[in-house]
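Beneath this line is the structure, given in structure tokens, with notes to follow.
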Amino acid sequence: MLSIENVSVDIQKTRILHNISFTEHKGKVLALLGPNGCGKSTLIKTILGLCGMASGIISFGGHDISLYNRKKKALMFAYMPQDTAYHSYFTVLETVVMGRYPYLETLGGYSKHDFEIAGDAIRRTGLSGFENRVVSSLSGGEAAMVMLARSLAQETPVILLDEPMSSLDPGHALAVTDIIKNLAASGRLVIVSMHDVNMALNHSDRLILLKSGHIFGDISAAQADRNILAGLYGIPWEIGRTPKGHIAAFPDRD
């Protein structure tokens, strides 16, 4: 179980997160939803230890993770950042196998097993045939899939994805949601920040709604209604169902 207890974060003397608290178990998809600047990325970085806390405790399995070194955290948390631009001359395979770095022995190189895991992650993200392509030669969407593959290769119990679909076309975005659901089904906890309200409502188990650094709501998709979304984003919304039963939410300016 991942536990966030009364976490507050200050950046340059400005409070960005205010007393954030929630817990979640493995096997779930937890979506962070809210307007720009609400604190989604900051919360993810705080869980990873990339942002210092003004107060609060983050624990995993009952242990305070602030006491863990970088390697131990890397064995628990994989991270796909919002900015997936990767300006390097490493190939796709070389980049993805870097996700195995936390498992390396001192002075040891990547093993055959590490490359097999990297190859499987490449296949799962639809990148077969790209293994020898230099990442900097790829499109933004392709590079994003490489970063996702590297996160998969890390094989951690918790995966944190910061707007993973932002640079993807609809087909690849749906492929990512399938990967996310499969990760949860395999027993991982996936925490994903999103701007796509419909993706969040249709492909997550739980939504933490953030507004101005506060938790505005902690709901399931079934609990989302036009009033909650209007309060979160400050504009009117309509919510309905598609013929196949999917939730359809859209801003309504009429």
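In the structure tokens, each chain is lettered A, B, ... as it comes, each chain's residues begin at 1, and ligands are numbered from 1 in order of appearance.
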
Where in region 74-242 of chain A does DSSP assign helix (DSSP H, G or I), given as a PyMOL selection string?
chain A and resi 74+92-103+112-124+135-137+140-153+170-185+197-203+221-223+226-233

Would you write out those residues with C-alpha atoms, as a PDB file, in the first residue's frame?
```pdb
ATOM      1  CA  ALA A  74      14.199   2.895  -8.149  1.00  0.00           C
ATOM      2  CA  VAL A  92      15.798   2.331 -28.568  1.00  0.00           C
ATOM      3  CA  LEU A  93      17.092  -0.957 -27.147  1.00  0.00           C
ATOM      4  CA  GLU A  94      19.932   0.775 -25.286  1.00  0.00           C
ATOM      5  CA  THR A  95      17.487   3.289 -23.829  1.00  0.00           C
ATOM      6  CA  VAL A  96      14.907   0.740 -22.735  1.00  0.00           C
ATOM      7  CA  VAL A  97      17.442  -1.574 -21.105  1.00  0.00           C
ATOM      8  CA  MET A  98      18.506   1.393 -18.943  1.00  0.00           C
ATOM      9  CA  GLY A  99      15.329   0.677 -17.011  1.00  0.00           C
ATOM     10  CA  ARG A 100      17.183  -2.328 -15.635  1.00  0.00           C
ATOM     11  CA  TYR A 101      19.880  -0.127 -14.065  1.00  0.00           C
ATOM     12  CA  PRO A 102      18.620  -0.552 -10.447  1.00  0.00           C
ATOM     13  CA  TYR A 103      19.238  -4.303 -10.744  1.00  0.00           C
ATOM     14  CA  LYS A 112      20.852 -11.551 -21.159  1.00  0.00           C
ATOM     15  CA  HIS A 113      17.827 -11.527 -18.853  1.00  0.00           C
ATOM     16  CA  ASP A 114      17.864  -7.713 -18.753  1.00  0.00           C
ATOM     17  CA  PHE A 115      17.867  -7.536 -22.550  1.00  0.00           C
ATOM     18  CA  GLU A 116      15.046 -10.087 -22.722  1.00  0.00           C
ATOM     19  CA  ILE A 117      12.936  -7.935 -20.399  1.00  0.00           C
ATOM     20  CA  ALA A 118      13.792  -4.831 -22.435  1.00  0.00           C
ATOM     21  CA  GLY A 119      12.825  -6.647 -25.624  1.00  0.00           C
ATOM     22  CA  ASP A 120       9.494  -7.648 -24.142  1.00  0.00           C
ATOM     23  CA  ALA A 121       8.815  -4.032 -23.102  1.00  0.00           C
ATOM     24  CA  ILE A 122       9.613  -2.894 -26.642  1.00  0.00           C
ATOM     25  CA  ARG A 123       7.173  -5.436 -28.039  1.00  0.00           C
ATOM     26  CA  ARG A 124       4.422  -4.469 -25.591  1.00  0.00           C
ATOM     27  CA  VAL A 135      15.844   7.766 -30.131  1.00  0.00           C
ATOM     28  CA  SER A 136      16.579  11.352 -31.167  1.00  0.00           C
ATOM     29  CA  SER A 137      15.545  10.433 -34.722  1.00  0.00           C
ATOM     30  CA  GLY A 140       7.671  12.863 -30.235  1.00  0.00           C
ATOM     31  CA  GLY A 141       5.024  10.168 -29.927  1.00  0.00           C
ATOM     32  CA  GLU A 142       7.482   7.396 -30.722  1.00  0.00           C
ATOM     33  CA  ALA A 143       9.955   8.773 -28.171  1.00  0.00           C
ATOM     34  CA  ALA A 144       7.159   8.817 -25.594  1.00  0.00           C
ATOM     35  CA  MET A 145       6.530   5.126 -26.214  1.00  0.00           C
ATOM     36  CA  VAL A 146      10.263   4.461 -25.738  1.00  0.00           C
ATOM     37  CA  MET A 147      10.125   6.171 -22.333  1.00  0.00           C
ATOM     38  CA  LEU A 148       7.075   4.103 -21.425  1.00  0.00           C
ATOM     39  CA  ALA A 149       8.907   0.934 -22.477  1.00  0.00           C
ATOM     40  CA  ARG A 150      11.833   1.879 -20.256  1.00  0.00           C
ATOM     41  CA  SER A 151       9.427   2.302 -17.331  1.00  0.00           C
ATOM     42  CA  LEU A 152       7.956  -1.149 -18.016  1.00  0.00           C
ATOM     43  CA  ALA A 153      11.411  -2.714 -18.134  1.00  0.00           C
ATOM     44  CA  PRO A 170      -5.685   8.468 -30.518  1.00  0.00           C
ATOM     45  CA  GLY A 171      -4.583   4.984 -31.544  1.00  0.00           C
ATOM     46  CA  HIS A 172      -1.391   5.087 -29.496  1.00  0.00           C
ATOM     47  CA  ALA A 173      -3.238   6.718 -26.582  1.00  0.00           C
ATOM     48  CA  LEU A 174      -5.646   3.794 -26.486  1.00  0.00           C
ATOM     49  CA  ALA A 175      -2.700   1.388 -26.647  1.00  0.00           C
ATOM     50  CA  VAL A 176      -1.231   3.102 -23.589  1.00  0.00           C
ATOM     51  CA  THR A 177      -4.505   2.752 -21.690  1.00  0.00           C
ATOM     52  CA  ASP A 178      -4.470  -0.975 -22.478  1.00  0.00           C
ATOM     53  CA  ILE A 179      -0.915  -1.219 -21.139  1.00  0.00           C
ATOM     54  CA  ILE A 180      -1.937   0.659 -17.990  1.00  0.00           C
ATOM     55  CA  LYS A 181      -4.910  -1.652 -17.386  1.00  0.00           C
ATOM     56  CA  ASN A 182      -2.733  -4.720 -17.928  1.00  0.00           C
ATOM     57  CA  LEU A 183      -0.167  -3.402 -15.451  1.00  0.00           C
ATOM     58  CA  ALA A 184      -2.860  -2.996 -12.810  1.00  0.00           C
ATOM     59  CA  ALA A 185      -4.260  -6.438 -13.611  1.00  0.00           C
ATOM     60  CA  VAL A 197     -11.155  13.742 -18.786  1.00  0.00           C
ATOM     61  CA  ASN A 198     -12.747  10.944 -20.806  1.00  0.00           C
ATOM     62  CA  MET A 199      -9.618   8.796 -20.621  1.00  0.00           C
ATOM     63  CA  ALA A 200      -9.565   9.251 -16.851  1.00  0.00           C
ATOM     64  CA  LEU A 201     -13.274   8.479 -16.428  1.00  0.00           C
ATOM     65  CA  ASN A 202     -13.203   5.378 -18.612  1.00  0.00           C
ATOM     66  CA  HIS A 203      -9.842   3.848 -17.741  1.00  0.00           C
ATOM     67  CA  ALA A 221     -15.550   7.374 -12.271  1.00  0.00           C
ATOM     68  CA  ALA A 222     -19.163   6.467 -11.521  1.00  0.00           C
ATOM     69  CA  GLN A 223     -19.342   9.329  -9.013  1.00  0.00           C
ATOM     70  CA  ARG A 226     -21.381  17.686 -14.253  1.00  0.00           C
ATOM     71  CA  ASN A 227     -21.276  19.626 -10.967  1.00  0.00           C
ATOM     72  CA  ILE A 228     -18.002  18.063  -9.829  1.00  0.00           C
ATOM     73  CA  LEU A 229     -16.323  18.752 -13.184  1.00  0.00           C
ATOM     74  CA  ALA A 230     -17.722  22.286 -13.306  1.00  0.00           C
ATOM     75  CA  GLY A 231     -16.334  22.990  -9.870  1.00  0.00           C
ATOM     76  CA  LEU A 232     -12.978  21.486 -10.774  1.00  0.00           C
ATOM     77  CA  TYR A 233     -12.455  23.326 -14.060  1.00  0.00           C
TER      78      TYR A 233
END
```

Which residues come within 9 Å of Ser3 (chain A), counting only C-alpha atoms, excluding same-chain residues fewer than 6 positions away, as a PyMOL selection string?
chain A and resi 21-25+57-62

Could you name the residues that touch region 5-9 of chain A at 8 Å or less, counting only C-alpha atoms, but leaving out those on the same chain fewer than 6 positions away, as number ranges by chain?
A: 15-22, 46, 51-58

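Going from CA of Leu168 (chain A) over to CA of His214 (chain A), you cover 28.7 Å.
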
Show which residues sit within 6 Å of region 79-84 of chain A, as an mmCIF file with C-alpha atoms, in the first residue's frame. Count only C-alpha atoms, and ignore same-chain residues fewer than 6 positions away.
```cif
data_model
loop_
_atom_site.group_PDB
_atom_site.id
_atom_site.type_symbol
_atom_site.label_atom_id
_atom_site.label_comp_id
_atom_site.auth_asym_id
_atom_site.auth_seq_id
_atom_site.Cartn_x
_atom_site.Cartn_y
_atom_site.Cartn_z
ATOM 1 C CA ALA A 144 7.159 8.817 -25.594
ATOM 2 C CA LEU A 160 4.063 6.884 -12.072
ATOM 3 C CA LEU A 161 3.153 8.350 -15.452
ATOM 4 C CA ASP A 162 2.939 12.119 -15.932
ATOM 5 C CA GLU A 163 0.572 12.845 -18.835
#
```
